[in-house]
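Everything on this sheet refers to the single structure shown next.
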Amino acid sequence: MPRNQYDMAWILRCILWVSLFQLPVHTTAVAESRSVREGERAANHKANDDKVVFPGEYERVGTYEKPVIPEQCQEIGICDDIPNYPEDLVSDLLRDLMRQNRTRFNKDKILEVPLITQRIGPELDVIELCETEERIYAPRAAQDRNKEWQVILNDRKQPQQTFRVEICKTKESPCSAIAYFQNGYVAKCVQKYMLRNMLAVNDRKEVVEMPFQVPSCCSCVARQT
């Protein structure tokens, strides 16, 4: 066999041998690489399922839903309890505030003051024109200035935020018959409100301080008919 033909046959055998040797290695590498990628995807998917995200400064594990407001609360704009109050979340947030000494809570009290009648004359000299109810509220939900209901931070057993309210016993009832208004005017009792700052929970489970509407008094007002 000529020298050059022998060399050519030898080269072809070498190429074939190398190809046959590398093929299973390449196939195995591809399979292993695919298996690794699939394993990483499965692990990442599981990690994402177990991951809890806390974007807020004070956020803790807990359920937050838009407050469900009972009908009687909707009439006065403040509520001392709601059926879906996030107890666990609020407890965690309150503990954080206590630990950081950020406890500037409003706490109103009803003062025991002498009645006006005891100071200026007989009881008949003073007559309320509207029937009202005065009490201390420890709200767990209230309306902000935009009339949106928000969850208020308050522990049921040891309330941190209390507010004095005066509420009309009957919505828009007529003023007392003893009140005289000239012809062409009609009078009724109207609920008045004022803004008070409260600590609340926003929909990102963060503590926020903002003004809320609080029933301040029941006033007899007249309008022209």
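Following the order of the structure tokens, chains are lettered A, B, ..., residues in each are numbered from 1, and ligands are numbered from 1.
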Sorted by chain and rising residue number, which residues of region 130-188 of chain A lie within 9 Å of region 82-99 of chain A, and what are their closest atom pairs and distances in Å to one decimal, counting only C-alpha atoms, as CSV?
residue,atom,partner,partner_atom,distance
A:Arg140,CA,A:Ile82,CA,7.0
A:Ala141,CA,A:Ile82,CA,7.2
A:Val151,CA,A:Tyr85,CA,7.5
A:Ile152,CA,A:Val90,CA,8.7
A:Leu153,CA,A:Val90,CA,6.1
A:Asn154,CA,A:Val90,CA,7.5
A:Asp155,CA,A:Ser91,CA,7.4
A:Arg156,CA,A:Glu87,CA,9.0
Go ahead and save the residues from that selection, with all heavy atoms, as a compact mmCIF listing (two decimals), in the first residue's frame.
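Now in part17.txt:
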# COMPACT_ATOMS: atom_id res chain seq x y z
N ARG A 140 -61.77 50.00 66.74
CA ARG A 140 -60.96 49.01 66.03
C ARG A 140 -61.12 49.19 64.53
O ARG A 140 -60.46 48.52 63.73
CB ARG A 140 -61.33 47.59 66.45
CG ARG A 140 -61.31 47.41 67.96
CD ARG A 140 -61.44 45.96 68.35
NE ARG A 140 -60.12 45.36 68.54
CZ ARG A 140 -59.94 44.05 68.66
NH1 ARG A 140 -60.96 43.23 68.57
NH2 ARG A 140 -58.74 43.56 68.86
N ALA A 141 -61.98 50.13 64.15
CA ALA A 141 -62.13 50.55 62.76
C ALA A 141 -62.73 51.94 62.77
O ALA A 141 -63.53 52.28 63.64
CB ALA A 141 -63.02 49.59 61.98
N VAL A 151 -58.42 49.80 59.54
CA VAL A 151 -58.25 49.06 60.80
C VAL A 151 -57.43 49.91 61.76
O VAL A 151 -56.37 50.42 61.41
CB VAL A 151 -57.54 47.72 60.55
CG1 VAL A 151 -57.16 47.06 61.87
CG2 VAL A 151 -58.43 46.78 59.74
N ILE A 152 -57.92 50.08 62.99
CA ILE A 152 -57.25 50.87 64.02
C ILE A 152 -56.56 49.92 65.00
O ILE A 152 -57.12 48.90 65.40
CB ILE A 152 -58.26 51.76 64.79
CG1 ILE A 152 -59.06 52.62 63.81
CG2 ILE A 152 -57.55 52.62 65.81
CD1 ILE A 152 -58.21 53.56 62.96
N LEU A 153 -55.33 50.27 65.39
CA LEU A 153 -54.59 49.45 66.36
C LEU A 153 -55.21 49.59 67.74
O LEU A 153 -55.20 50.68 68.32
CB LEU A 153 -53.12 49.89 66.41
CG LEU A 153 -52.14 49.10 65.53
CD1 LEU A 153 -52.38 49.43 64.07
CD2 LEU A 153 -50.71 49.41 65.91
N ASN A 154 -55.74 48.50 68.26
CA ASN A 154 -56.31 48.52 69.61
C ASN A 154 -56.43 47.09 70.12
O ASN A 154 -57.01 46.23 69.45
CB ASN A 154 -57.69 49.19 69.63
CG ASN A 154 -57.68 50.49 70.38
OD1 ASN A 154 -56.84 50.72 71.26
ND2 ASN A 154 -58.60 51.37 70.06
N ASP A 155 -55.86 46.86 71.29
CA ASP A 155 -56.01 45.56 71.94
C ASP A 155 -57.37 45.51 72.63
O ASP A 155 -57.79 46.48 73.27
CB ASP A 155 -54.89 45.36 72.97
CG ASP A 155 -54.98 44.02 73.65
OD1 ASP A 155 -54.60 43.01 73.03
OD2 ASP A 155 -55.43 43.97 74.81
N ARG A 156 -58.04 44.38 72.49
CA ARG A 156 -59.39 44.28 73.03
C ARG A 156 -59.42 44.41 74.55
O ARG A 156 -60.26 45.10 75.13
CB ARG A 156 -60.02 42.93 72.62
CG ARG A 156 -61.48 42.79 73.03
CD ARG A 156 -61.94 41.35 72.85
NE ARG A 156 -61.78 40.91 71.48
CZ ARG A 156 -62.70 41.08 70.53
NH1 ARG A 156 -63.82 41.72 70.82
NH2 ARG A 156 -62.50 40.63 69.32
When you count only C-alpha atoms, which of these residues is closest to Ile76 (chain A): A:Asn106, A:Glu206, A:Pro215, A:Glu131?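 Using only C-alpha atoms, the shortest distance to Ile76 (chain A) belongs to A:Pro215.
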Going by DSSP on the backbone, which residues of region 70-193 of chain A come out as strand (DSSP E or B)? List them as a ChimeraX atom specification. /A:78-79,107,132-137,141-144,149-152,162-168,174,185-193
Can I get the selection written as a PDB file, in the first residue's frame, with C-alpha atoms?
ATOM      1  CA  ILE A  78     -66.654  54.554  64.066  1.00  0.00           C
ATOM      2  CA  CYS A  79     -66.628  50.960  65.303  1.00  0.00           C
ATOM      3  CA  LYS A 107     -56.485  58.324  75.572  1.00  0.00           C
ATOM      4  CA  THR A 132     -77.469  62.155  72.848  1.00  0.00           C
ATOM      5  CA  GLU A 133     -75.235  59.383  74.132  1.00  0.00           C
ATOM      6  CA  GLU A 134     -71.778  60.204  75.462  1.00  0.00           C
ATOM      7  CA  ARG A 135     -69.212  57.455  75.892  1.00  0.00           C
ATOM      8  CA  ILE A 136     -65.573  56.467  75.465  1.00  0.00           C
ATOM      9  CA  TYR A 137     -64.843  54.492  72.299  1.00  0.00           C
ATOM     10  CA  ALA A 141     -62.130  50.548  62.763  1.00  0.00           C
ATOM     11  CA  ALA A 142     -62.823  54.130  61.730  1.00  0.00           C
ATOM     12  CA  GLN A 143     -63.369  56.300  58.677  1.00  0.00           C
ATOM     13  CA  ASP A 144     -60.539  58.497  57.428  1.00  0.00           C
ATOM     14  CA  TRP A 149     -62.715  52.459  56.557  1.00  0.00           C
ATOM     15  CA  GLN A 150     -59.354  51.491  58.073  1.00  0.00           C
ATOM     16  CA  VAL A 151     -58.252  49.061  60.796  1.00  0.00           C
ATOM     17  CA  ILE A 152     -57.253  50.867  64.022  1.00  0.00           C
ATOM     18  CA  THR A 162     -59.632  55.773  73.370  1.00  0.00           C
ATOM     19  CA  PHE A 163     -61.765  58.700  72.246  1.00  0.00           C
ATOM     20  CA  ARG A 164     -64.678  60.542  73.779  1.00  0.00           C
ATOM     21  CA  VAL A 165     -67.672  60.601  71.431  1.00  0.00           C
ATOM     22  CA  GLU A 166     -71.123  62.126  71.595  1.00  0.00           C
ATOM     23  CA  ILE A 167     -73.660  60.458  69.322  1.00  0.00           C
ATOM     24  CA  CYS A 168     -77.205  61.386  68.380  1.00  0.00           C
ATOM     25  CA  PRO A 174     -86.430  66.710  65.367  1.00  0.00           C
ATOM     26  CA  TYR A 185     -87.494  77.241  59.363  1.00  0.00           C
ATOM     27  CA  VAL A 186     -87.287  73.606  60.416  1.00  0.00           C
ATOM     28  CA  ALA A 187     -84.840  72.199  62.976  1.00  0.00           C
ATOM     29  CA  LYS A 188     -83.315  68.759  63.411  1.00  0.00           C
ATOM     30  CA  CYS A 189     -80.508  67.081  65.326  1.00  0.00           C
ATOM     31  CA  VAL A 190     -77.374  66.517  63.227  1.00  0.00           C
ATOM     32  CA  GLN A 191     -74.283  64.488  64.036  1.00  0.00           C
ATOM     33  CA  LYS A 192     -71.089  66.570  63.983  1.00  0.00           C
ATOM     34  CA  TYR A 193     -67.559  65.193  63.575  1.00  0.00           C
TER      35      TYR A 193
END
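Within region 79-193 of chain A, DSSP applied to the backbone places the following residues in helix (DSSP H, G or I): Glu87, Asp88, Leu89, Val90, Ser91, Asp92, Leu93, Leu94, Arg95, Asp96, Leu97, Met98, Arg99, Ile116, Thr117, Gln118, Arg119, Ile120, Glu123, Leu124 and Asp125 of chain A.
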May I have the selected residues written with N, CA and C atoms, as a PDB file, in the first residue's frame?
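Everything below was put into again.pdb:
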ATOM      1  N   GLU A  87     -56.294  40.121  64.605  1.00  0.00           N
ATOM      2  CA  GLU A  87     -55.770  40.104  65.975  1.00  0.00           C
ATOM      3  C   GLU A  87     -54.260  39.837  66.023  1.00  0.00           C
ATOM      4  N   ASP A  88     -53.793  38.787  65.345  1.00  0.00           N
ATOM      5  CA  ASP A  88     -52.370  38.414  65.415  1.00  0.00           C
ATOM      6  C   ASP A  88     -51.482  39.495  64.836  1.00  0.00           C
ATOM      7  N   LEU A  89     -51.877  40.030  63.703  1.00  0.00           N
ATOM      8  CA  LEU A  89     -51.089  41.082  63.063  1.00  0.00           C
ATOM      9  C   LEU A  89     -50.987  42.305  63.960  1.00  0.00           C
ATOM     10  N   VAL A  90     -52.104  42.737  64.519  1.00  0.00           N
ATOM     11  CA  VAL A  90     -52.110  43.920  65.383  1.00  0.00           C
ATOM     12  C   VAL A  90     -51.269  43.678  66.634  1.00  0.00           C
ATOM     13  N   SER A  91     -51.334  42.488  67.207  1.00  0.00           N
ATOM     14  CA  SER A  91     -50.519  42.175  68.389  1.00  0.00           C
ATOM     15  C   SER A  91     -49.036  42.315  68.078  1.00  0.00           C
ATOM     16  N   ASP A  92     -48.607  41.808  66.918  1.00  0.00           N
ATOM     17  CA  ASP A  92     -47.200  41.937  66.519  1.00  0.00           C
ATOM     18  C   ASP A  92     -46.805  43.392  66.326  1.00  0.00           C
ATOM     19  N   LEU A  93     -47.664  44.155  65.681  1.00  0.00           N
ATOM     20  CA  LEU A  93     -47.358  45.565  65.428  1.00  0.00           C
ATOM     21  C   LEU A  93     -47.283  46.351  66.732  1.00  0.00           C
ATOM     22  N   LEU A  94     -48.191  46.078  67.655  1.00  0.00           N
ATOM     23  CA  LEU A  94     -48.167  46.773  68.945  1.00  0.00           C
ATOM     24  C   LEU A  94     -46.904  46.439  69.732  1.00  0.00           C
ATOM     25  N   ARG A  95     -46.479  45.178  69.689  1.00  0.00           N
ATOM     26  CA  ARG A  95     -45.235  44.797  70.376  1.00  0.00           C
ATOM     27  C   ARG A  95     -44.048  45.552  69.798  1.00  0.00           C
ATOM     28  N   ASP A  96     -44.019  45.720  68.492  1.00  0.00           N
ATOM     29  CA  ASP A  96     -42.935  46.484  67.861  1.00  0.00           C
ATOM     30  C   ASP A  96     -42.932  47.932  68.341  1.00  0.00           C
ATOM     31  N   LEU A  97     -44.106  48.526  68.394  1.00  0.00           N
ATOM     32  CA  LEU A  97     -44.195  49.923  68.825  1.00  0.00           C
ATOM     33  C   LEU A  97     -43.746  50.078  70.272  1.00  0.00           C
ATOM     34  N   MET A  98     -44.162  49.156  71.130  1.00  0.00           N
ATOM     35  CA  MET A  98     -43.746  49.204  72.531  1.00  0.00           C
ATOM     36  C   MET A  98     -42.233  49.049  72.647  1.00  0.00           C
ATOM     37  N   ARG A  99     -41.673  48.131  71.873  1.00  0.00           N
ATOM     38  CA  ARG A  99     -40.236  47.881  71.943  1.00  0.00           C
ATOM     39  C   ARG A  99     -39.434  49.099  71.479  1.00  0.00           C
ATOM     40  N   ILE A 116     -74.067  71.912  84.892  1.00  0.00           N
ATOM     41  CA  ILE A 116     -74.335  73.357  84.741  1.00  0.00           C
ATOM     42  C   ILE A 116     -75.460  73.772  85.687  1.00  0.00           C
ATOM     43  N   THR A 117     -76.433  72.873  85.863  1.00  0.00           N
ATOM     44  CA  THR A 117     -77.580  73.201  86.725  1.00  0.00           C
ATOM     45  C   THR A 117     -77.164  73.396  88.175  1.00  0.00           C
ATOM     46  N   GLN A 118     -76.076  72.741  88.575  1.00  0.00           N
ATOM     47  CA  GLN A 118     -75.615  72.886  89.953  1.00  0.00           C
ATOM     48  C   GLN A 118     -74.916  74.227  90.160  1.00  0.00           C
ATOM     49  N   ARG A 119     -74.579  74.891  89.042  1.00  0.00           N
ATOM     50  CA  ARG A 119     -73.811  76.123  89.173  1.00  0.00           C
ATOM     51  C   ARG A 119     -74.638  77.376  88.893  1.00  0.00           C
ATOM     52  N   ILE A 120     -75.653  77.260  88.039  1.00  0.00           N
ATOM     53  CA  ILE A 120     -76.329  78.486  87.644  1.00  0.00           C
ATOM     54  C   ILE A 120     -77.815  78.503  87.977  1.00  0.00           C
ATOM     55  N   GLU A 123     -82.642  72.740  87.774  1.00  0.00           N
ATOM     56  CA  GLU A 123     -82.451  71.810  86.649  1.00  0.00           C
ATOM     57  C   GLU A 123     -83.274  72.207  85.445  1.00  0.00           C
ATOM     58  N   LEU A 124     -84.462  72.793  85.663  1.00  0.00           N
ATOM     59  CA  LEU A 124     -85.321  73.152  84.543  1.00  0.00           C
ATOM     60  C   LEU A 124     -84.736  74.262  83.684  1.00  0.00           C
ATOM     61  N   ASP A 125     -83.705  74.941  84.172  1.00  0.00           N
ATOM     62  CA  ASP A 125     -83.094  76.016  83.384  1.00  0.00           C
ATOM     63  C   ASP A 125     -82.274  75.486  82.217  1.00  0.00           C
TER      64      ASP A 125
END
Leu195 (chain A) environment, 6 Å, only C-alpha atoms, sequence neighbours closer than 2 positions dropped, as a PyMOL selection string: chain A and resi 211-213
Point-to-point distance from CA of Ala200 (chain A) to CA of Arg104 (chain A), Å rounded to tenths: 12.7 Å
Atom-to-atom span, CA of Gln158 (chain A) and CA of Asp81 (chain A), Å: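 According to the coordinates, CA of Gln158 (chain A) and CA of Asp81 (chain A) are separated by 13.7 Å.
Between Tyr180 (chain A) and the residues A:Ile69, A:Val126, A:Met210, A:Val221, the shortest atom-to-atom distance, using only C-alpha atoms, involves A:Val221.
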Using only C-alpha atoms, pick whichever of A:Lys205, A:Lys157, A:Lys169, A:Lys147 has the shortest atom-to-atom distance to Cys217 (chain A).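 Nearest candidate to Cys217 (chain A) out of A:Lys205, A:Lys157, A:Lys169, A:Lys147: A:Lys169.
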